[in-house]
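Peer 1: I am sharing input_20.txt, which consists of compact mmCIF, C-alpha atoms and all ligand atoms:
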```txt
# COMPACT_ATOMS: atom_id res chain seq x y z
CA MET A 1 -3.78 15.83 16.28
CA THR A 2 -0.41 17.36 15.45
CA SER A 3 -0.51 20.13 12.87
CA HIS A 4 2.55 21.21 10.88
CA ARG A 5 3.39 23.86 8.30
CA PHE A 6 5.45 22.52 5.39
CA GLN A 7 7.52 25.33 3.86
CA PRO A 8 9.74 25.56 0.80
CA GLN A 9 13.16 24.32 1.92
CA GLY A 10 15.41 24.44 -1.15
CA PRO A 11 16.68 21.71 -3.48
CA LEU A 12 16.64 18.06 -2.42
CA SER A 13 20.01 16.42 -2.88
CA GLY A 14 22.26 13.59 -1.69
CA ARG A 15 21.05 10.05 -1.05
CA LEU A 16 18.32 8.71 1.16
CA ARG A 17 16.70 5.39 1.97
CA VAL A 18 12.98 4.97 2.61
CA PRO A 19 11.58 2.25 4.92
CA GLY A 20 10.62 -1.24 3.79
CA ASP A 21 7.68 -2.06 1.58
CA LYS A 22 4.40 -2.09 3.52
CA SER A 23 2.72 -4.85 1.49
CA ILE A 24 5.75 -7.15 1.70
CA SER A 25 6.23 -6.39 5.41
CA HIS A 26 2.65 -7.40 6.28
CA ARG A 27 2.97 -10.58 4.27
CA SER A 28 6.36 -11.55 5.70
CA ILE A 29 4.88 -11.49 9.21
CA MET A 30 1.73 -13.37 8.22
CA PHE A 31 3.49 -16.04 6.20
CA GLY A 32 6.29 -16.37 8.76
CA ALA A 33 3.61 -16.89 11.42
CA LEU A 34 2.17 -19.76 9.34
CA ALA A 35 5.48 -21.48 8.60
CA VAL A 36 6.89 -24.15 10.89
CA GLY A 37 10.18 -22.83 12.31
CA GLU A 38 11.92 -19.46 12.36
CA THR A 39 11.56 -16.86 9.63
CA CYS A 40 14.00 -13.92 9.69
CA VAL A 41 13.05 -10.60 8.16
CA THR A 42 15.33 -7.63 7.53
CA GLY A 43 14.23 -4.25 6.24
CA LEU A 44 10.78 -4.66 7.81
CA LEU A 45 8.65 -1.51 7.87
CA GLU A 46 8.11 -0.70 11.53
CA GLY A 47 5.03 1.43 10.91
CA GLU A 48 1.82 1.21 12.92
CA ASP A 49 -0.02 -0.80 10.23
CA VAL A 50 2.58 -3.58 10.18
CA MET A 51 2.75 -3.56 13.97
CA ALA A 52 -1.04 -4.14 14.01
CA THR A 53 -0.46 -7.26 11.90
CA ALA A 54 2.31 -8.41 14.24
CA ALA A 55 0.11 -7.91 17.32
CA ALA A 56 -2.70 -9.92 15.72
CA MET A 57 -0.39 -12.79 14.75
CA ARG A 58 0.99 -12.82 18.30
CA ALA A 59 -2.57 -12.93 19.63
CA MET A 60 -3.12 -16.02 17.46
CA GLY A 61 -0.05 -17.86 18.68
CA ALA A 62 3.05 -16.69 16.76
CA THR A 63 6.18 -15.51 18.56
CA ILE A 64 7.56 -12.34 17.00
CA THR A 65 10.67 -10.61 18.34
CA LYS A 66 13.28 -8.14 17.15
CA GLN A 67 17.00 -8.75 17.60
CA GLY A 68 19.24 -6.00 16.26
CA ASP A 69 17.96 -5.18 12.78
CA GLU A 70 16.33 -8.54 12.34
CA TRP A 71 12.76 -9.60 13.06
CA ARG A 72 12.34 -13.27 14.02
CA ILE A 73 9.02 -15.02 13.65
CA HIS A 74 8.26 -18.46 15.06
CA GLY A 75 5.28 -19.76 13.15
CA VAL A 76 2.52 -22.09 14.28
CA GLY A 77 2.03 -23.90 10.96
CA VAL A 78 -0.89 -23.62 8.52
CA GLY A 79 -4.00 -24.65 10.45
CA GLY A 80 -2.30 -23.93 13.77
CA LEU A 81 -3.59 -20.45 14.54
CA LEU A 82 -5.08 -20.13 18.02
CA GLN A 83 -8.26 -18.50 19.19
CA PRO A 84 -7.36 -14.90 20.23
CA THR A 85 -8.60 -13.90 23.67
CA GLY A 86 -9.52 -10.30 22.80
CA ALA A 87 -10.56 -8.30 19.74
CA LEU A 88 -7.98 -7.89 16.96
CA ASP A 89 -7.32 -4.14 16.74
CA MET A 90 -6.46 -3.33 13.12
CA GLY A 91 -5.85 0.38 13.76
CA ASN A 92 -5.87 2.21 10.39
CA SER A 93 -4.84 -0.80 8.31
CA GLY A 94 -7.05 -2.19 5.54
CA THR A 95 -4.35 -4.64 4.48
CA SER A 96 -4.10 -6.16 7.98
CA THR A 97 -7.88 -6.46 8.17
CA ARG A 98 -8.63 -7.98 4.81
CA LEU A 99 -5.68 -10.39 4.69
CA LEU A 100 -6.19 -11.55 8.28
CA MET A 101 -9.90 -12.10 7.66
CA GLY A 102 -8.79 -14.44 4.88
CA LEU A 103 -6.39 -16.28 7.19
CA VAL A 104 -8.98 -16.69 9.97
CA ALA A 105 -11.70 -17.78 7.48
CA SER A 106 -10.33 -21.32 7.20
CA HIS A 107 -9.47 -21.79 10.89
CA ALA A 108 -11.81 -22.85 13.71
CA ILE A 109 -11.52 -19.37 15.21
CA THR A 110 -14.03 -16.73 16.18
CA ALA A 111 -12.45 -13.29 16.03
CA ALA A 112 -13.64 -9.73 16.47
CA PHE A 113 -11.99 -7.14 14.20
CA THR A 114 -11.97 -3.48 15.24
CA GLY A 115 -10.31 -0.37 13.80
CA ASP A 116 -10.04 3.41 13.95
CA ALA A 117 -12.63 5.85 12.58
CA SER A 118 -11.15 5.73 9.05
CA LEU A 119 -10.95 1.92 8.84
CA SER A 120 -14.44 1.57 10.33
CA LYS A 121 -15.88 3.33 7.25
CA ARG A 122 -14.16 1.10 4.70
CA PRO A 123 -16.02 -1.67 2.82
CA MET A 124 -15.40 -5.20 4.06
CA GLY A 125 -18.27 -6.69 2.02
CA ARG A 126 -15.72 -7.33 -0.75
CA VAL A 127 -14.00 -9.96 1.45
CA ILE A 128 -17.08 -11.05 3.42
CA GLU A 129 -18.70 -12.20 0.16
CA PRO A 130 -16.05 -14.70 -1.06
CA LEU A 131 -15.12 -15.82 2.46
CA SER A 132 -18.80 -16.57 3.20
CA ARG A 133 -18.84 -18.76 0.12
CA MET A 134 -15.92 -20.64 1.63
CA GLY A 135 -17.98 -21.26 4.77
CA ALA A 136 -17.04 -18.45 7.15
CA SER A 137 -19.84 -16.45 8.80
CA PHE A 138 -19.97 -12.81 9.79
CA GLU A 139 -21.78 -10.30 11.96
CA ALA A 140 -20.68 -6.95 10.55
CA SER A 141 -21.69 -3.37 11.30
CA PRO A 142 -24.22 -1.79 8.92
CA GLY A 143 -22.84 -1.46 5.39
CA GLY A 144 -20.46 -4.41 5.91
CA THR A 145 -17.94 -2.46 8.01
CA LEU A 146 -15.93 -2.88 11.21
CA PRO A 147 -16.37 -3.67 14.00
CA LEU A 148 -17.25 -7.18 12.92
CA LEU A 149 -17.25 -10.67 14.33
CA MET A 150 -16.21 -13.56 12.15
CA ARG A 151 -16.42 -17.31 12.60
CA GLY A 152 -13.98 -19.27 10.52
CA ALA A 153 -14.96 -22.54 8.82
CA GLN A 154 -13.15 -25.80 9.47
CA PRO A 155 -12.96 -27.32 6.98
CA ALA A 156 -13.51 -24.47 4.54
CA VAL A 157 -14.76 -25.08 1.00
CA PRO A 158 -12.52 -24.28 -2.00
CA ILE A 159 -14.05 -21.82 -4.45
CA GLU A 160 -13.32 -20.33 -7.84
CA TYR A 161 -13.63 -16.57 -7.47
CA ARG A 162 -13.55 -13.89 -10.16
CA LEU A 163 -12.56 -10.56 -8.60
CA PRO A 164 -15.28 -7.96 -9.10
CA VAL A 165 -12.88 -5.13 -8.10
CA ALA A 166 -9.18 -4.80 -8.94
CA SER A 167 -7.93 -5.46 -5.40
CA ALA A 168 -4.81 -7.24 -4.23
CA GLN A 169 -6.31 -7.33 -0.74
CA VAL A 170 -9.38 -9.27 -1.88
CA LYS A 171 -7.25 -11.57 -4.04
CA SER A 172 -4.92 -12.20 -1.11
CA ALA A 173 -7.77 -12.79 1.36
CA VAL A 174 -9.14 -15.62 -0.80
CA LEU A 175 -5.68 -17.12 -1.45
CA LEU A 176 -4.81 -17.02 2.25
CA ALA A 177 -8.11 -18.68 3.15
CA GLY A 178 -7.21 -21.27 0.49
CA LEU A 179 -3.95 -22.12 2.32
CA ASN A 180 -5.86 -24.11 4.95
CA THR A 181 -8.70 -25.31 2.71
CA PRO A 182 -8.72 -28.84 1.25
CA GLY A 183 -8.39 -28.89 -2.56
CA ILE A 184 -7.63 -26.04 -4.93
CA THR A 185 -8.83 -22.48 -4.43
CA THR A 186 -8.87 -20.37 -7.60
CA VAL A 187 -8.88 -16.59 -8.03
CA ILE A 188 -9.43 -15.07 -11.47
CA GLU A 189 -8.03 -11.61 -11.82
CA PRO A 190 -9.34 -9.69 -14.86
CA VAL A 191 -6.87 -6.83 -14.22
CA PRO A 192 -3.47 -7.59 -12.67
CA THR A 193 -2.88 -6.15 -9.19
CA ARG A 194 0.23 -6.29 -7.00
CA ASP A 195 1.46 -9.88 -6.94
CA HIS A 196 3.48 -9.97 -3.69
CA SER A 197 1.23 -12.66 -2.18
CA GLU A 198 1.79 -14.96 -5.13
CA ARG A 199 5.57 -14.40 -5.26
CA MET A 200 6.02 -14.77 -1.51
CA LEU A 201 3.70 -17.73 -1.00
CA ARG A 202 5.71 -19.59 -3.66
CA GLY A 203 8.91 -18.55 -1.88
CA PHE A 204 7.51 -19.98 1.38
CA GLY A 205 6.89 -23.28 -0.43
CA ALA A 206 3.16 -23.14 -1.20
CA GLU A 207 2.00 -24.85 -4.36
CA LEU A 208 0.64 -21.94 -6.34
CA ASP A 209 0.39 -21.54 -10.10
CA VAL A 210 -0.54 -18.61 -12.27
CA GLU A 211 -1.88 -18.95 -15.79
CA GLU A 212 -2.37 -15.96 -18.09
CA ILE A 213 -5.21 -16.23 -20.60
CA GLY A 214 -6.26 -13.27 -22.73
CA GLY A 215 -4.94 -10.72 -20.23
CA GLU A 216 -6.62 -12.45 -17.26
CA ARG A 217 -4.63 -14.12 -14.52
CA ILE A 218 -5.89 -17.39 -13.08
CA ILE A 219 -4.25 -18.13 -9.75
CA ARG A 220 -4.60 -21.53 -8.15
CA ILE A 221 -3.44 -22.41 -4.66
CA HIS A 222 -3.28 -25.96 -3.32
CA GLY A 223 -4.70 -26.14 0.16
CA GLU A 224 -3.49 -27.73 3.39
CA ALA A 225 -0.14 -26.30 2.48
CA GLU A 226 3.03 -26.58 4.49
CA LEU A 227 5.02 -23.35 4.59
CA LYS A 228 8.78 -23.41 5.15
CA PRO A 229 10.47 -20.58 7.07
CA GLN A 230 12.37 -18.05 4.95
CA GLN A 231 14.98 -15.31 5.11
CA VAL A 232 13.08 -12.29 3.82
CA VAL A 233 14.82 -9.10 2.70
CA VAL A 234 12.21 -6.37 2.31
CA PRO A 235 13.01 -3.81 -0.43
CA GLY A 236 12.28 -0.09 0.00
CA ASP A 237 8.64 0.89 -0.51
CA PRO A 238 7.98 2.49 -3.93
CA SER A 239 4.83 4.06 -2.45
CA SER A 240 6.94 5.85 0.18
CA ALA A 241 9.65 6.75 -2.36
CA ALA A 242 6.88 8.36 -4.44
CA PHE A 243 6.75 11.41 -2.13
CA PHE A 244 10.47 12.05 -2.56
CA ILE A 245 10.36 11.39 -6.31
CA VAL A 246 7.69 14.05 -6.77
CA ALA A 247 9.34 16.40 -4.24
CA ALA A 248 12.61 16.29 -6.22
CA LEU A 249 10.85 16.67 -9.59
CA ILE A 250 8.97 19.84 -8.54
CA THR A 251 11.70 21.54 -6.48
CA GLU A 252 14.11 23.61 -8.52
CA GLY A 253 17.76 22.52 -8.38
CA SER A 254 17.01 19.06 -6.96
CA ASP A 255 19.19 16.04 -7.74
CA LEU A 256 18.34 13.22 -5.35
CA VAL A 257 19.17 9.51 -5.19
CA ILE A 258 16.68 7.24 -3.42
CA ASP A 259 18.29 3.89 -2.64
CA ASN A 260 16.91 0.37 -2.90
CA ILE A 261 13.41 0.91 -4.29
CA GLY A 262 11.20 -2.06 -5.18
CA LEU A 263 10.22 -1.85 -8.86
CA ASN A 264 7.83 -4.76 -9.20
CA PRO A 265 5.93 -3.97 -12.43
CA THR A 266 2.61 -4.27 -10.55
CA ARG A 267 3.74 -1.28 -8.43
CA ALA A 268 5.77 0.92 -10.78
CA GLY A 269 3.03 2.83 -12.64
CA LEU A 270 3.86 6.21 -11.10
CA ILE A 271 7.38 6.22 -12.52
CA GLU A 272 6.03 5.54 -16.00
CA VAL A 273 3.41 8.31 -15.73
CA LEU A 274 5.91 10.84 -14.36
CA ARG A 275 8.28 10.01 -17.23
CA GLN A 276 5.42 10.58 -19.70
CA MET A 277 5.03 14.01 -18.04
CA GLY A 278 8.73 14.75 -18.66
CA GLY A 279 10.16 13.65 -15.31
CA ASN A 280 13.86 12.83 -15.26
CA ILE A 281 14.03 9.57 -13.28
CA GLU A 282 17.01 7.31 -13.84
CA GLU A 283 17.34 3.72 -12.59
CA LEU A 284 20.79 2.90 -11.23
CA ASP A 285 22.13 -0.58 -10.45
CA ARG A 286 19.02 -2.61 -11.27
CA ARG A 287 19.17 -5.84 -9.28
CA GLU A 288 17.03 -8.40 -7.47
CA VAL A 289 16.35 -8.31 -3.71
CA GLY A 290 14.21 -10.97 -2.03
CA GLY A 291 12.70 -12.04 -5.37
CA GLU A 292 11.69 -8.49 -6.31
CA PRO A 293 13.31 -6.16 -8.91
CA VAL A 294 15.04 -3.24 -7.17
CA ALA A 295 17.04 -0.17 -8.25
CA ASP A 296 18.36 3.11 -6.87
CA LEU A 297 16.51 6.02 -8.43
CA ARG A 298 18.17 9.30 -9.39
CA VAL A 299 15.60 12.07 -9.71
CA LYS A 300 16.29 15.57 -11.03
CA HIS A 301 14.12 18.65 -11.05
CA SER A 302 12.12 18.61 -14.30
CA ALA A 303 9.65 20.75 -16.19
CA LEU A 304 6.51 18.59 -16.12
CA THR A 305 3.70 18.63 -18.67
CA GLY A 306 0.11 17.63 -17.97
CA ILE A 307 -1.19 14.45 -19.62
CA GLU A 308 -4.26 12.28 -19.81
CA VAL A 309 -3.43 9.33 -17.55
CA ASP A 310 -4.48 5.97 -19.03
CA PRO A 311 -6.93 4.43 -16.51
CA ALA A 312 -5.49 0.98 -17.31
CA ILE A 313 -2.33 1.93 -15.40
CA ALA A 314 -4.26 2.74 -12.18
CA PRO A 315 -3.87 -0.62 -10.37
CA SER A 316 -0.06 -0.37 -10.62
CA MET A 317 -0.04 3.05 -8.91
CA ILE A 318 -3.24 2.95 -6.89
CA ASP A 319 -1.64 4.44 -3.75
CA GLU A 320 0.34 7.05 -5.67
CA PHE A 321 -2.49 9.18 -7.09
CA PRO A 322 -2.54 11.70 -4.21
CA VAL A 323 1.09 12.64 -4.87
CA LEU A 324 0.64 12.46 -8.66
CA PHE A 325 -2.08 15.11 -8.22
CA VAL A 326 0.54 17.33 -6.57
CA ALA A 327 2.91 16.84 -9.53
CA ALA A 328 0.00 17.66 -11.87
CA ALA A 329 -0.73 20.87 -9.93
CA LEU A 330 2.80 22.09 -10.75
CA ALA A 331 2.89 20.86 -14.37
CA GLN A 332 2.38 22.89 -17.53
CA GLY A 333 -1.17 22.35 -18.84
CA THR A 334 -3.95 19.99 -17.87
CA THR A 335 -3.77 16.54 -16.31
CA VAL A 336 -6.87 14.37 -16.62
CA THR A 337 -7.37 11.23 -14.51
CA SER A 338 -10.32 8.82 -14.63
CA GLY A 339 -11.31 5.30 -13.64
CA LEU A 340 -10.32 5.97 -10.03
CA ASP A 341 -13.50 4.98 -8.14
CA GLU A 342 -11.36 2.84 -5.80
CA LEU A 343 -9.69 6.00 -4.46
CA ARG A 344 -12.96 6.87 -2.76
CA VAL A 345 -12.69 3.84 -0.41
CA LYS A 346 -9.06 4.13 0.73
CA GLU A 347 -8.00 5.49 4.15
CA SER A 348 -10.07 8.51 3.08
CA ASP A 349 -12.01 9.45 -0.05
CA ARG A 350 -8.79 10.48 -1.76
CA LEU A 351 -10.47 12.21 -4.71
CA SER A 352 -12.45 14.59 -2.53
CA ALA A 353 -9.71 14.95 0.12
CA MET A 354 -7.04 15.86 -2.47
CA ALA A 355 -9.40 18.12 -4.45
CA ALA A 356 -10.20 20.05 -1.25
CA ALA A 357 -6.60 20.16 0.01
CA LEU A 358 -5.03 21.23 -3.30
CA THR A 359 -7.73 23.86 -3.86
CA LEU A 360 -7.05 25.28 -0.40
CA ALA A 361 -3.35 25.43 -1.29
CA GLY A 362 -4.13 27.42 -4.45
CA ALA A 363 -4.28 24.74 -7.18
CA ARG A 364 -6.98 24.62 -9.87
CA VAL A 365 -8.78 21.29 -9.50
CA THR A 366 -12.09 19.92 -10.74
CA GLU A 367 -13.45 16.84 -9.00
CA CYS A 368 -15.24 14.39 -11.31
CA GLU A 369 -17.04 11.19 -10.36
CA ASP A 370 -14.04 8.94 -10.96
CA GLY A 371 -11.03 11.25 -11.19
CA LEU A 372 -9.61 14.76 -10.94
CA VAL A 373 -8.84 17.28 -13.67
CA ILE A 374 -5.98 19.56 -12.68
CA GLU A 375 -4.75 22.75 -14.39
CA GLY A 376 -1.09 23.04 -13.53
CA THR A 377 0.81 26.24 -12.77
CA GLY A 378 3.59 25.50 -15.25
CA GLY A 379 6.15 25.36 -12.46
CA GLU A 380 5.08 28.51 -10.62
CA PRO A 381 4.74 27.80 -6.90
CA LEU A 382 1.27 27.36 -5.41
CA ALA A 383 0.08 30.17 -3.14
CA GLY A 384 -0.04 27.87 -0.10
CA THR A 385 -2.60 27.96 2.70
CA THR A 386 -3.33 31.10 4.68
CA GLY A 387 -6.35 30.49 6.93
CA GLU A 388 -7.47 26.97 7.59
CA PRO A 389 -5.10 24.00 7.38
CA VAL A 390 -5.75 21.19 4.88
CA THR A 391 -7.60 18.19 6.31
CA THR A 392 -5.94 14.77 6.23
CA HIS A 393 -8.95 12.66 7.34
CA LEU A 394 -6.68 10.15 9.17
CA ASP A 395 -4.99 9.42 5.83
CA HIS A 396 -1.18 9.21 5.84
CA ARG A 397 -0.93 9.69 2.07
CA ILE A 398 -2.97 12.91 2.11
CA ALA A 399 -0.69 14.29 4.85
CA MET A 400 2.54 13.38 2.98
CA SER A 401 1.24 14.56 -0.42
CA MET A 402 0.33 17.95 0.99
CA ALA A 403 3.72 18.14 2.75
CA VAL A 404 5.26 17.78 -0.73
CA ALA A 405 2.90 20.47 -2.07
CA GLY A 406 4.19 22.75 0.70
CA LEU A 407 7.72 22.53 -0.74
CA ALA A 408 6.48 24.05 -4.00
CA SER A 409 4.38 26.81 -2.45
CA ARG A 410 5.08 30.46 -1.68
CA GLY A 411 3.79 30.61 1.87
CA GLY A 412 3.84 26.95 2.93
CA VAL A 413 1.02 24.44 3.43
CA GLU A 414 -0.44 23.85 6.87
CA VAL A 415 -1.47 20.20 7.41
CA ASP A 416 -3.98 19.67 10.24
CA ASP A 417 -2.68 16.30 11.44
CA THR A 418 0.65 14.65 10.67
CA SER A 419 0.17 11.78 13.14
CA PRO A 420 -1.28 9.33 10.51
CA ILE A 421 2.10 9.41 8.71
CA ALA A 422 3.35 6.93 11.34
CA THR A 423 1.11 4.22 9.90
CA SER A 424 3.40 3.73 6.87
CA PHE A 425 6.43 6.08 7.05
CA PRO A 426 7.50 6.88 10.64
CA ASN A 427 10.67 8.82 9.66
CA PHE A 428 9.11 10.82 6.80
CA MET A 429 9.47 14.23 8.49
CA ALA A 430 13.11 13.63 9.44
CA LEU A 431 14.02 12.39 5.94
CA LEU A 432 12.26 15.34 4.33
CA GLU A 433 14.11 17.81 6.51
CA GLY A 434 17.44 16.06 5.92
CA ALA A 435 16.99 15.94 2.13
CA SER A 436 17.61 19.67 1.74
CA GLN A 437 20.72 20.00 3.91
C1 LIG B 501 -2.46 -3.51 -0.76
C2 LIG B 501 -3.38 -3.42 -1.78
C3 LIG B 501 -4.01 -2.15 -2.20
C4 LIG B 501 -3.27 -0.93 -1.63
C5 LIG B 501 -2.90 -1.10 -0.20
C6 LIG B 501 -2.02 -2.32 0.00
C7 LIG B 501 -1.88 -4.82 -0.42
O1 LIG B 501 -5.33 -2.12 -1.72
O2 LIG B 501 -4.07 0.23 -1.80
O3 LIG B 501 -2.20 0.05 0.28
O4 LIG B 501 -0.87 -4.87 0.31
O5 LIG B 501 -2.43 -5.83 -0.89
P1 LIG B 501 -6.57 -2.71 -2.58
O6 LIG B 501 -6.47 -4.17 -2.60
O7 LIG B 501 -7.79 -2.22 -1.82
O8 LIG B 501 -6.45 -2.09 -3.93
```
Represent the structure contained in this file as structure tokens.
Ligand code: S3P
Peer 2:
Amino acid sequence: MTSHRFQPQGPLSGRLRVPGDKSISHRSIMFGALAVGETCVTGLLEGEDVMATAAAMRAMGATITKQGDEWRIHGVGVGGLLQPTGALDMGNSGTSTRLLMGLVASHAITAAFTGDASLSKRPMGRVIEPLSRMGASFEASPGGTLPLLMRGAQPAVPIEYRLPVASAQVKSAVLLAGLNTPGITTVIEPVPTRDHSERMLRGFGAELDVEEIGGERIIRIHGEAELKPQQVVVPGDPSSAAFFIVAALITEGSDLVIDNIGLNPTRAGLIEVLRQMGGNIEELDRREVGGEPVADLRVKHSALTGIEVDPAIAPSMIDEFPVLFVAAALAQGTTVTSGLDELRVKESDRLSAMAAALTLAGARVTECEDGLVIEGTGGEPLAGTTGEPVTTHLDHRIAMSMAVAGLASRGGVEVDDTSPIATSFPNFMALLEGASQ
């Protein structure tokens, strides 16, 4: 564990660039590993989570190397994954685990999946259930958790699956299993979640169609697909940019440009909510990169006002609530959030972890069953922590959110463990330090 005290450091200014999108980075490695030929990826996030995906795809036969700034992936073809010789270590990464379980489900492979203490508490039943219906079988730890052993089915059976939880990981697991399944596999999504799998699978040449009926999305993938190698340019991660957006909004005198941020509408909920709170966030040079909308964002210090956040927007900002809670703690008035049960099964229980951490830093927070209610300071700095540090629970986003809270505190915020930050944002500390010089 590496503890660190995050202190006020003055206005954030100039320009910075955050690393590549985590969701797109995972998928570019997985899909490249299933294409026949060489896929080249630039802007890949080189965080621990994505490296866990790369190690697993190597263990199942793909060749993955880095030359200069470019990652090159030699795929084995859909259906061509090999039996790994050891367990697949997923580290802290739920995305690696759930998407790779989908991939393995329709291959004649037996694979053991293991992970760290945080990942080993997270529910895998949500993918075990549909993948079992497709013919895979599982021996999981009690409660449907890791470590688990899975036997893929060959051939797998196509299913029509209505998602019981709004989860892009579950959707993607079923679609990826469908890639090597004869016939058409269908996922019905009552609430739209991030659609990178759909966009990218189409880009790699899969036959995939999406129909929208009465607000629901019906996604059909044709199995026994042949994927063609691609040149992938990964845009900057809006979930990583989120920490700098909020840092600039709550730090007096800030005027910061964050370059090249992915603004896929299924990911951009935080920006909308912060604007509703009075945040000054300007989009510069809107363009398209790798099939995704992208812009540079100019963010200026703003007086924020508390709001009631519409729960319908939650799926498009599901990873951004921890840092939104920090913005709310500095806003004028009350912010009410609800409908956030999913936050309890992320890398940590993010409702209880953020309630505890913000309270320790001097914020006024009430934890409810499915959300937090936060009374903001109206721009006054938080007291900061004096005795104990805040606890991150192996959760990168708790560590980074509380780092941002430290900027708007009188005495600084001590974070017990900054090492989880490397899972998604290895240069976070350096960028944060550099932003105020
Ligand atoms: C992700 C989906 C989301 C998100 C995670 C990445 C993805 O998880 O929280 O960080 O890349 O598909 P859920 O599917 O559990 O909502």
Peer 1: Take CA of Leu324 (chain A) and CA of Arg298 (chain A) and report the distance between them in Å, one decimal.
Peer 2: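 Going from CA of Leu324 (chain A) over to CA of Arg298 (chain A) covers 17.8 Å.
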Peer 1: Which is closest to Gly279 (chain A) among A:Leu176, A:Ala303, A:Val323, A:Leu16, if we use only C-alpha atoms?
Peer 2: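 Checking each of A:Leu176, A:Ala303, A:Val323, A:Leu16 against Gly279 (chain A), counting only C-alpha atoms, the winner is A:Ala303.
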Peer 1: Which residues are near ligand LIG 501 (chain B) - at most 6 Å, using only C-alpha atoms and all ligand atoms? Format: as a PDB file with C-alpha atoms, in the coordinates of the input.
Peer 2:
```pdb
ATOM      1  CA  SER A  23       2.720  -4.850   1.490  1.00  0.00           C
ATOM      2  CA  THR A  95      -4.350  -4.640   4.480  1.00  0.00           C
ATOM      3  CA  SER A 167      -7.930  -5.460  -5.400  1.00  0.00           C
ATOM      4  CA  ALA A 168      -4.810  -7.240  -4.230  1.00  0.00           C
ATOM      5  CA  GLN A 169      -6.310  -7.330  -0.740  1.00  0.00           C
ATOM      6  CA  VAL A 170      -9.380  -9.270  -1.880  1.00  0.00           C
ATOM      7  CA  ILE A 318      -3.240   2.950  -6.890  1.00  0.00           C
ATOM      8  CA  ASP A 319      -1.640   4.440  -3.750  1.00  0.00           C
TER       9      ASP A 319
END
```
Peer 1: Name the closest residue to Leu81 (chain A) among the candidates A:Pro147, A:Pro123, A:Gly379, A:Gly152; distances are taken between atoms, counting all atoms listed in the file.
Peer 2: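 Using all atoms listed in the file, Leu81 (chain A) sits closest to A:Gly152.
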Peer 1: Do you have, as a tab-separated table, the list of residues of region 88-136 of chain A lying at most 6 Å from region 33-55 of chain A, each with its nearest atom pair and that distance in Å to one decimal, counting all atoms listed in the file and ordered by chain then number?
Peer 2:
```
residue	atom	partner	partner_atom	distance
A:Met90	CA	A:Ala52	CA	5.6
A:Ser93	CA	A:Asp49	CA	5.2
A:Ser96	CA	A:Thr53	CA	5.5
```
Peer 1: Pick out the closest residue to Ile313 (chain A) from this set: A:Asp417, A:Glu388, A:Pro192, A:Leu382. Count all atoms listed in the file.
Peer 2: A:Pro192
Peer 1: Would you be able to write out as a list in words which residues have an atom within 10 Å of (4.4, 27.6, -0.1) in the file's coordinates, counting only C-alpha atoms?
Peer 2: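 Residues with an atom at most 10 Å from (4.4, 27.6, -0.1): Arg5, Phe6, Gln7, Pro8, Gln9, Ala361, Gly362, Pro381, Leu382, Ala383, Gly384, Thr385, Thr386, Ala403, Val404, Ala405, Gly406, Leu407, Ala408, Ser409, Arg410, Gly411, Gly412, Val413 and Glu414 of chain A.
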Peer 1: Have a look at A:Leu340, A:Ser137, A:Glu283, A:Pro235 and name the one nearest to Val257 (chain A); count all atoms listed in the file.
Peer 2: A:Glu283
